[in-house]
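Below is work-v2.cif, holding mmCIF, C-alpha atoms.
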data_run
loop_
_atom_site.label_atom_id
_atom_site.label_comp_id
_atom_site.auth_asym_id
_atom_site.auth_seq_id
_atom_site.Cartn_x
_atom_site.Cartn_y
_atom_site.Cartn_z
CA MET A 1 28.43 -39.51 -5.44
CA GLU A 2 29.62 -35.91 -5.07
CA GLU A 3 32.13 -36.25 -7.92
CA LEU A 4 29.66 -37.98 -10.24
CA LEU A 5 27.00 -35.39 -9.51
CA LEU A 6 29.33 -32.52 -10.44
CA GLN A 7 30.44 -34.33 -13.57
CA ASN A 8 26.86 -34.87 -14.71
CA LEU A 9 26.04 -31.21 -14.12
CA VAL A 10 29.06 -30.03 -16.10
CA THR A 11 29.22 -32.51 -18.98
CA GLY A 12 25.96 -34.49 -18.88
CA ASP A 13 23.02 -34.13 -21.24
CA ALA A 14 19.85 -32.28 -20.19
CA GLU A 15 18.32 -35.32 -18.52
CA ALA A 16 21.52 -36.10 -16.58
CA GLN A 17 21.78 -32.46 -15.46
CA ILE A 18 18.22 -32.39 -14.17
CA ARG A 19 18.75 -35.66 -12.32
CA ALA A 20 22.02 -34.41 -10.78
CA ALA A 21 20.49 -31.06 -9.73
CA THR A 22 17.61 -32.92 -8.09
CA GLN A 23 20.01 -35.22 -6.22
CA LEU A 24 21.99 -32.27 -4.88
CA GLY A 25 19.37 -31.75 -2.21
CA ASN A 26 20.15 -35.19 -0.77
CA LEU A 27 23.76 -34.31 -0.01
CA SER A 28 25.07 -33.38 3.40
CA SER A 29 25.77 -29.78 4.33
CA LYS A 30 29.50 -30.43 4.08
CA GLN A 31 29.14 -31.92 0.58
CA ARG A 32 27.05 -28.97 -0.60
CA HIS A 33 29.68 -26.55 0.72
CA SER A 34 32.33 -28.45 -1.18
CA LEU A 35 30.37 -28.39 -4.42
CA ALA A 36 29.72 -24.66 -4.06
CA GLU A 37 33.46 -24.04 -3.65
CA ARG A 38 34.17 -26.16 -6.73
CA GLY A 39 31.93 -24.08 -8.97
CA VAL A 40 28.70 -26.05 -9.05
CA MET A 41 26.77 -22.81 -9.54
CA LEU A 42 28.03 -22.32 -13.10
CA PRO A 43 26.14 -25.28 -14.62
CA LEU A 44 23.16 -24.51 -12.38
CA ILE A 45 23.06 -20.92 -13.68
CA SER A 46 23.12 -22.28 -17.22
CA MET A 47 20.10 -24.41 -16.31
CA LEU A 48 18.35 -21.35 -14.84
CA HIS A 49 18.77 -19.63 -18.23
CA SER A 50 17.35 -22.65 -20.05
CA HIS A 51 13.90 -22.50 -21.64
CA ASP A 52 13.12 -25.94 -20.22
CA PHE A 53 10.74 -25.94 -17.24
CA GLU A 54 12.17 -29.07 -15.63
CA ALA A 55 15.72 -27.71 -15.88
CA ASN A 56 14.63 -24.39 -14.35
CA GLU A 57 12.76 -26.09 -11.50
CA ALA A 58 15.58 -28.53 -10.69
CA ALA A 59 18.17 -25.74 -10.73
CA LEU A 60 16.05 -23.51 -8.45
CA LEU A 61 15.59 -26.36 -5.96
CA ALA A 62 19.34 -26.98 -6.07
CA VAL A 63 20.02 -23.28 -5.39
CA LEU A 64 17.65 -23.40 -2.42
CA SER A 65 19.46 -26.48 -1.09
CA LEU A 66 22.84 -24.79 -1.44
CA ALA A 67 21.67 -21.56 0.22
CA PHE A 68 19.87 -23.21 3.13
CA VAL A 69 21.54 -22.24 6.46
CA SER A 70 24.83 -21.38 4.75
CA GLU A 71 25.90 -17.74 4.64
CA ARG A 72 28.99 -18.69 2.65
CA ASN A 73 26.95 -20.42 -0.04
CA LYS A 74 24.53 -17.49 -0.21
CA ARG A 75 27.45 -15.20 -1.01
CA LEU A 76 28.91 -17.65 -3.54
CA ILE A 77 25.59 -18.00 -5.34
CA LEU A 78 25.43 -14.26 -6.04
CA LYS A 79 29.14 -13.98 -6.80
CA SER A 80 28.70 -16.73 -9.39
CA GLY A 81 26.25 -14.52 -11.30
CA ALA A 82 22.90 -16.11 -10.40
CA LEU A 83 21.02 -12.84 -9.92
CA PRO A 84 20.27 -11.98 -13.59
CA ALA A 85 18.88 -15.47 -14.14
CA LEU A 86 16.69 -15.22 -11.04
CA LEU A 87 15.34 -11.82 -12.09
CA SER A 88 14.53 -13.22 -15.50
CA LEU A 89 12.56 -16.06 -13.91
CA LEU A 90 10.56 -13.53 -11.89
CA GLN A 91 9.02 -12.50 -15.20
CA CYS A 92 8.25 -15.98 -16.48
CA ARG A 93 4.75 -17.35 -17.09
CA SER A 94 5.01 -20.18 -14.58
CA GLU A 95 3.56 -19.76 -11.10
CA VAL A 96 5.79 -22.57 -9.78
CA LEU A 97 9.00 -21.01 -11.09
CA MET A 98 8.03 -17.52 -9.93
CA GLU A 99 7.31 -18.75 -6.43
CA LEU A 100 10.54 -20.76 -6.19
CA THR A 101 12.45 -17.69 -7.40
CA ILE A 102 10.81 -15.45 -4.80
CA THR A 103 11.74 -17.97 -2.10
CA ALA A 104 15.33 -18.04 -3.39
CA LEU A 105 15.53 -14.24 -3.27
CA MET A 106 14.10 -14.25 0.25
CA ILE A 107 16.83 -16.63 1.44
CA LEU A 108 19.63 -14.89 -0.45
CA SER A 109 18.53 -11.44 0.79
CA SER A 110 18.88 -12.57 4.39
CA CYS A 111 22.66 -12.48 3.90
CA LYS A 112 24.07 -9.06 4.77
CA ALA A 113 26.70 -9.23 2.02
CA ASN A 114 24.03 -9.75 -0.66
CA LYS A 115 21.60 -6.97 0.23
CA LEU A 116 23.06 -4.07 -1.78
CA SER A 117 23.61 -6.25 -4.87
CA ILE A 118 20.03 -7.47 -4.81
CA ALA A 119 18.62 -3.99 -4.18
CA SER A 120 20.63 -2.41 -7.01
CA SER A 121 19.62 -5.14 -9.47
CA GLY A 122 16.02 -3.99 -9.81
CA ALA A 123 14.69 -6.86 -7.69
CA ILE A 124 12.80 -4.51 -5.37
CA GLU A 125 10.81 -2.99 -8.20
CA GLN A 126 10.01 -6.40 -9.69
CA ILE A 127 8.81 -7.79 -6.37
CA VAL A 128 6.70 -4.69 -5.72
CA ASP A 129 5.19 -5.04 -9.21
CA ILE A 130 4.27 -8.65 -8.47
CA LEU A 131 2.60 -7.67 -5.19
CA SER A 132 0.85 -4.72 -6.86
CA GLY A 133 -0.54 -6.97 -9.58
CA GLU A 134 -2.37 -9.02 -6.98
CA TYR A 135 -4.37 -5.96 -5.86
CA ALA A 136 -4.41 -3.78 -8.96
CA ASN A 137 -8.20 -3.79 -9.31
CA GLY A 138 -8.80 -2.74 -5.71
CA THR A 139 -10.47 -6.00 -4.68
CA GLY A 140 -7.56 -8.04 -3.40
CA MET A 141 -8.02 -10.48 -6.28
CA ASN A 142 -5.98 -10.69 -9.45
CA THR A 143 -8.38 -10.65 -12.40
CA ASN A 144 -5.78 -9.71 -15.01
CA LYS A 145 -5.25 -12.69 -17.30
CA ASP A 146 -1.87 -11.31 -18.35
CA THR A 147 -0.38 -11.64 -14.87
CA ILE A 148 0.36 -14.70 -12.76
CA THR A 149 -1.46 -15.16 -9.44
CA ILE A 150 0.93 -16.31 -6.74
CA SER A 151 0.11 -18.21 -3.57
CA MET A 152 -0.30 -16.71 -0.13
CA GLN A 153 3.05 -18.21 0.92
CA ALA A 154 4.75 -16.58 -2.06
CA ARG A 155 3.28 -13.20 -1.09
CA LEU A 156 4.63 -13.69 2.42
CA ASP A 157 8.03 -14.58 0.97
CA ALA A 158 7.94 -11.48 -1.24
CA ILE A 159 7.24 -9.20 1.72
CA ALA A 160 9.91 -11.05 3.73
CA THR A 161 12.41 -10.33 0.94
CA LEU A 162 11.61 -6.62 1.06
CA HIS A 163 11.86 -6.70 4.85
CA ASN A 164 15.29 -8.38 4.65
CA LEU A 165 16.48 -5.60 2.35
CA SER A 166 14.94 -2.88 4.52
CA THR A 167 17.32 -3.74 7.37
CA CYS A 168 20.08 -2.02 5.39
CA HIS A 169 19.52 1.73 5.79
CA HIS A 170 21.24 2.46 2.46
CA ILE A 171 18.46 0.54 0.70
CA MET A 172 15.52 2.24 2.38
CA PRO A 173 15.33 5.20 -0.10
CA SER A 174 15.04 2.73 -2.99
CA LEU A 175 12.36 0.82 -1.14
CA ALA A 176 10.46 4.02 -0.34
CA SER A 177 10.51 5.13 -3.99
CA SER A 178 9.66 1.72 -5.46
CA GLY A 179 5.90 1.88 -4.98
CA ALA A 180 6.08 -0.38 -1.94
CA VAL A 181 3.92 1.94 0.17
CA PHE A 182 1.03 1.68 -2.29
CA SER A 183 1.34 -2.10 -2.54
CA LEU A 184 1.47 -2.54 1.23
CA LEU A 185 -1.53 -0.27 1.75
CA GLN A 186 -3.49 -2.27 -0.84
CA ILE A 187 -2.69 -5.47 1.04
CA ILE A 188 -3.72 -3.90 4.34
CA ARG A 189 -6.95 -2.57 2.85
CA PHE A 190 -8.16 -5.58 0.91
CA CYS A 191 -6.83 -8.69 2.66
CA GLU A 192 -8.86 -10.45 5.31
CA LYS A 193 -8.03 -9.47 8.87
CA PRO A 194 -6.56 -10.82 10.97
CA SER A 195 -4.03 -12.55 8.71
CA GLN A 196 -0.30 -13.14 8.66
CA LEU A 197 -0.03 -11.30 5.35
CA VAL A 198 -1.57 -8.12 6.77
CA GLU A 199 0.66 -8.45 9.83
CA LYS A 200 3.80 -8.59 7.71
CA ALA A 201 2.60 -5.79 5.44
CA ILE A 202 1.96 -3.47 8.37
CA ALA A 203 5.31 -4.32 9.95
CA LEU A 204 7.13 -3.45 6.71
CA LEU A 205 5.02 -0.30 6.20
CA ASP A 206 6.00 0.74 9.72
CA ASP A 207 9.69 0.44 8.79
CA VAL A 208 9.30 2.29 5.48
CA VAL A 209 7.19 5.12 6.91
CA SER A 210 9.70 5.57 9.72
CA SER A 211 12.55 6.07 7.25
CA SER A 212 11.68 9.51 5.83
CA GLN A 213 9.02 12.12 5.14
CA ILE A 214 8.39 10.88 1.59
CA PRO A 215 6.67 7.57 2.45
CA LEU A 216 4.97 9.25 5.41
CA LYS A 217 3.42 11.81 3.06
CA GLU A 218 2.46 9.08 0.60
CA THR A 219 0.69 7.16 3.36
CA ALA A 220 -1.08 10.28 4.62
CA SER A 221 -2.33 11.16 1.14
CA SER A 222 -3.37 7.64 0.07
CA CYS A 223 -7.06 6.88 -0.18
CA GLY A 224 -8.16 4.51 2.54
CA ALA A 225 -4.86 4.45 4.42
CA ILE A 226 -6.05 5.66 7.81
CA GLY A 227 -9.31 3.73 7.52
CA ALA A 228 -7.40 0.51 6.82
CA LEU A 229 -5.19 1.06 9.86
CA VAL A 230 -8.24 1.73 12.02
CA GLU A 231 -9.84 -1.47 10.73
CA THR A 232 -6.68 -3.35 11.67
CA LEU A 233 -6.89 -1.89 15.16
CA GLU A 234 -10.43 -3.20 15.44
CA GLU A 235 -10.09 -6.60 13.76
CA GLY A 236 -6.38 -7.45 13.49
CA SER A 237 -4.16 -9.64 15.63
CA MET A 238 -2.30 -8.21 18.62
CA GLU A 239 0.93 -7.96 16.62
CA SER A 240 -0.70 -6.17 13.68
CA LYS A 241 -2.52 -3.83 16.08
CA GLU A 242 0.81 -2.88 17.61
CA HIS A 243 2.32 -2.13 14.20
CA ALA A 244 -0.79 -0.22 13.09
CA LEU A 245 -0.40 1.95 16.17
CA THR A 246 3.33 2.30 15.58
CA VAL A 247 2.72 3.61 12.06
CA ASP A 248 0.95 6.57 13.62
CA GLY A 249 1.60 6.25 17.32
CA THR A 250 2.60 4.24 20.41
CA TRP A 251 6.02 5.31 21.59
CA ARG A 252 6.34 7.97 18.89
CA ALA A 253 2.63 8.74 18.76
CA LYS A 254 2.83 12.48 19.28
CA THR A 255 5.40 13.19 16.58
CA MET A 256 4.08 10.95 13.80
CA ALA A 257 0.39 11.49 14.48
CA GLU A 258 0.95 15.24 14.53
CA GLU A 259 2.92 15.05 11.27
CA LEU A 260 0.02 13.23 9.61
CA LEU A 261 -2.40 15.80 10.95
CA LEU A 262 -0.26 18.64 9.64
CA LEU A 263 -0.13 16.99 6.24
CA LEU A 264 -3.91 16.71 6.26
CA ARG A 265 -4.22 20.34 7.30
CA ASP A 266 -2.00 21.50 4.44
CA ARG A 267 -3.94 19.69 1.72
CA SER A 268 -5.48 22.20 -0.67
CA SER A 269 -8.61 20.38 -1.85
CA TYR A 270 -10.95 22.31 0.42
CA GLY A 271 -12.61 25.69 0.18
CA PRO A 272 -11.51 28.45 2.59
CA ARG A 273 -14.48 27.96 4.94
CA ASN A 274 -14.22 24.16 5.05
CA GLN A 275 -10.46 24.39 5.35
CA GLN A 276 -10.73 26.69 8.36
CA SER A 277 -13.26 24.42 10.05
CA ARG A 278 -11.11 21.38 9.31
CA ASN A 279 -8.00 23.07 10.70
CA GLU A 280 -9.84 23.90 13.92
CA VAL A 281 -10.80 20.23 14.35
CA ILE A 282 -7.22 19.16 13.64
CA GLU A 283 -5.85 21.57 16.22
CA GLN A 284 -8.33 20.14 18.74
CA ILE A 285 -7.20 16.60 17.97
CA MET A 286 -3.56 17.58 18.38
CA GLN A 287 -4.33 19.08 21.78
CA GLU A 288 -6.05 15.84 22.83
CA ILE A 289 -3.05 13.81 21.68
CA ASP A 290 -0.71 16.06 23.67
CA ALA A 291 -2.87 15.60 26.75
CA GLU A 292 -2.78 11.78 26.57
CA GLY A 293 -0.07 9.27 27.35
CA GLU A 294 1.88 7.63 24.56
CA ASP A 295 0.23 4.25 25.14
CA VAL A 296 -3.15 5.53 23.96
CA ALA A 297 -2.23 8.51 21.81
CA GLY A 298 -1.72 6.42 18.68
CA SER A 299 -5.09 4.72 18.97
CA THR A 300 -6.83 8.02 19.63
CA ALA A 301 -5.09 9.67 16.70
CA LEU A 302 -6.08 6.97 14.27
CA ARG A 303 -9.69 6.90 15.37
CA LEU A 304 -10.06 10.66 15.31
CA LEU A 305 -8.36 10.83 11.93
CA ALA A 306 -10.79 8.25 10.60
CA LYS A 307 -13.73 10.25 11.92
CA LEU A 308 -12.26 13.43 10.52
CA SER A 309 -11.77 11.86 7.10
CA SER A 310 -15.31 10.43 6.89
CA SER A 311 -16.57 13.63 5.32
CA ASN A 312 -13.80 13.61 2.71
CA GLN A 313 -14.70 12.29 -0.73
CA CYS A 314 -11.40 10.34 -0.79
CA ASN A 315 -11.21 8.71 2.65
CA LEU A 316 -7.77 8.62 4.19
#
Here is a file; write its structure as structure tokens.
Amino acid sequence: MEELLLQNLVTGDAEAQIRAATQLGNLSSKQRHSLAERGVMLPLISMLHSHDFEANEAALLAVLSLAFVSERNKRLILKSGALPALLSLLQCRSEVLMELTITALMILSSCKANKLSIASSGAIEQIVDILSGEYANGTGMNTNKDTITISMQARLDAIATLHNLSTCHHIMPSLASSGAVFSLLQIIRFCEKPSQLVEKAIALLDDVVSSSQIPLKETASSCGAIGALVETLEEGSMESKEHALTVDGTWRAKTMAEELLLLLRDRSSYGPRNQQSRNEVIEQIMQEIDAEGEDVAGSTALRLLAKLSSSNQCNL
């Protein structure tokens, strides 16, 4: 069966190729390894580039079967040149194909050897754009007829892909500059809480904000950021509450909360009198944070920041 399957993929007509790609998922792990070593990805990549939906879908499912629990196959898939075809499918007009492609990228990005290649390909920006499109109108619902609405599972897979890439510290600057902070904050603000999606978004935001001052400043200056984190503290799951605190507190509460406060203090959108009054309140908050233990400092900081920002026209 293995030999016939490869033959049909390489020399068969379109129907035979689709049938063979579909059957690939029924093979044993050992057989799939063998096919990957023998160059099965080349005809599958050709099918990924096809303008035929059934060929695209069958090839994507075959790629997922090859990549499943096999680090070697994950490396071979990228070395065979699959990435450009996958990125092209991310921009297609089919929800099914987009979601299968996101899942494929999630699995492939879990392989350490693939991370830099995926990050340098532009995949981060495309995934962030897809997530941003879901919340572009500030309601958490995609009302743009020109963009495809993806399922909740696909959104989770998209965030998981970004998280996989974030574990490589060389990639974090690209992630921080990709617009991910805005997209994650939109998810946190507008998705129902508690939810797994908000949990994953906060966990990734925690990682990104921890990487440098740039995403920290973006979070501090984003409308609704602090309020959304406070809401998560009040309504989110235990895991999301812990990450919400970590973004501005818990074990590093004093340093990060104080940095956010200093950023707020330095904003120039206030008159001299209001700025002075605001700075006095901020200094008082910082003293309270210093006086408290790390276990509660993050929660206190977030709640006081929310109260402080309530008088601001653009709530933090």
**Asked** For the file shown, what are the residues hit by the PyMOL selection byres ((chain A and resi 50-53) around 12), laid out as a PyMOL selection string?
**Response** chain A and resi 14-15+17-18+43-49+54-60+85-86+88-89+92-98
**Prompt:** In Å, with one decimal, what is the gap from CA of Leu175 (chain A) to CA of Val128 (chain A)?
**Reply:** 9.1 Å
Listed atoms of region 31-40 of chain A boxed axis-aligned with 3 Å per side, centre + edges as JSON:
{"center_x": 30.6, "center_y": -28.0, "center_z": -4.2, "size_x": 13.1, "size_y": 13.9, "size_z": 15.8}
On this structure, which residues satisfy the PyMOL selection byres ((chain A and resi 74) around 10), written as a compact mmCIF listing (two decimals) with C-alpha atoms, in the coordinates of the input?
# COMPACT_ATOMS: atom_id res chain seq x y z
CA ALA A 36 29.72 -24.66 -4.06
CA VAL A 63 20.02 -23.28 -5.39
CA LEU A 64 17.65 -23.40 -2.42
CA LEU A 66 22.84 -24.79 -1.44
CA ALA A 67 21.67 -21.56 0.22
CA PHE A 68 19.87 -23.21 3.13
CA VAL A 69 21.54 -22.24 6.46
CA SER A 70 24.83 -21.38 4.75
CA GLU A 71 25.90 -17.74 4.64
CA ARG A 72 28.99 -18.69 2.65
CA ASN A 73 26.95 -20.42 -0.04
CA ARG A 75 27.45 -15.20 -1.01
CA LEU A 76 28.91 -17.65 -3.54
CA ILE A 77 25.59 -18.00 -5.34
CA LEU A 78 25.43 -14.26 -6.04
CA LYS A 79 29.14 -13.98 -6.80
CA ALA A 104 15.33 -18.04 -3.39
CA ILE A 107 16.83 -16.63 1.44
CA LEU A 108 19.63 -14.89 -0.45
CA SER A 109 18.53 -11.44 0.79
CA SER A 110 18.88 -12.57 4.39
CA CYS A 111 22.66 -12.48 3.90
CA LYS A 112 24.07 -9.06 4.77
CA ALA A 113 26.70 -9.23 2.02
CA ASN A 114 24.03 -9.75 -0.66
**Request:** Any chance you could resolve the PyMOL selection byres ((chain A and resi 3) around 12) against this file and give the residues as an MDAnalysis selection string?
**Result:** chainID A and resid 1:2 4:10 20 24 27 31:32 34:35 38 40
Convert the current residue selection to file output with C-alpha atoms, as a PDB file, in the coordinates of the input.
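File again-v4.pdb, as written:
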ATOM      1  CA  MET A   1      28.430 -39.510  -5.440  1.00  0.00           C
ATOM      2  CA  GLU A   2      29.620 -35.910  -5.070  1.00  0.00           C
ATOM      3  CA  LEU A   4      29.660 -37.980 -10.240  1.00  0.00           C
ATOM      4  CA  LEU A   5      27.000 -35.390  -9.510  1.00  0.00           C
ATOM      5  CA  LEU A   6      29.330 -32.520 -10.440  1.00  0.00           C
ATOM      6  CA  GLN A   7      30.440 -34.330 -13.570  1.00  0.00           C
ATOM      7  CA  ASN A   8      26.860 -34.870 -14.710  1.00  0.00           C
ATOM      8  CA  LEU A   9      26.040 -31.210 -14.120  1.00  0.00           C
ATOM      9  CA  VAL A  10      29.060 -30.030 -16.100  1.00  0.00           C
ATOM     10  CA  ALA A  20      22.020 -34.410 -10.780  1.00  0.00           C
ATOM     11  CA  LEU A  24      21.990 -32.270  -4.880  1.00  0.00           C
ATOM     12  CA  LEU A  27      23.760 -34.310  -0.010  1.00  0.00           C
ATOM     13  CA  GLN A  31      29.140 -31.920   0.580  1.00  0.00           C
ATOM     14  CA  ARG A  32      27.050 -28.970  -0.600  1.00  0.00           C
ATOM     15  CA  SER A  34      32.330 -28.450  -1.180  1.00  0.00           C
ATOM     16  CA  LEU A  35      30.370 -28.390  -4.420  1.00  0.00           C
ATOM     17  CA  ARG A  38      34.170 -26.160  -6.730  1.00  0.00           C
ATOM     18  CA  VAL A  40      28.700 -26.050  -9.050  1.00  0.00           C
TER      19      VAL A  40
END
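Atom pair CA of Asp129 (chain A) / CA of Leu42 (chain A): separated by 28.9 Å.
The coordinates place CA of Ala158 (chain A) at 11.3 Å from CA of Leu204 (chain A).
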How close does region 31-147 of chain A get to region 161-165 of chain A? List, as a Markdown table, each residue of region 31-147 of chain A within 8 Å, its nearest atom pair and the distance in Å to one decimal, counting all atoms listed in the file.
| residue | atom | partner | partner_atom | distance |
| --- | --- | --- | --- | --- |
| A:Ile102 | CA | A:Thr161 | CA | 7.9 |
| A:Leu105 | CA | A:Thr161 | CA | 6.5 |
| A:Met106 | CA | A:Thr161 | CA | 4.3 |
| A:Ile107 | CA | A:Thr161 | CA | 7.7 |
| A:Ser109 | CA | A:Asn164 | CA | 5.9 |
| A:Ser110 | CA | A:Asn164 | CA | 5.5 |
| A:Lys115 | CA | A:Leu165 | CA | 5.7 |
| A:Leu116 | CA | A:Leu165 | CA | 7.9 |
| A:Ala119 | CA | A:Leu165 | CA | 7.1 |
| A:Ile124 | CA | A:Leu162 | CA | 6.9 |
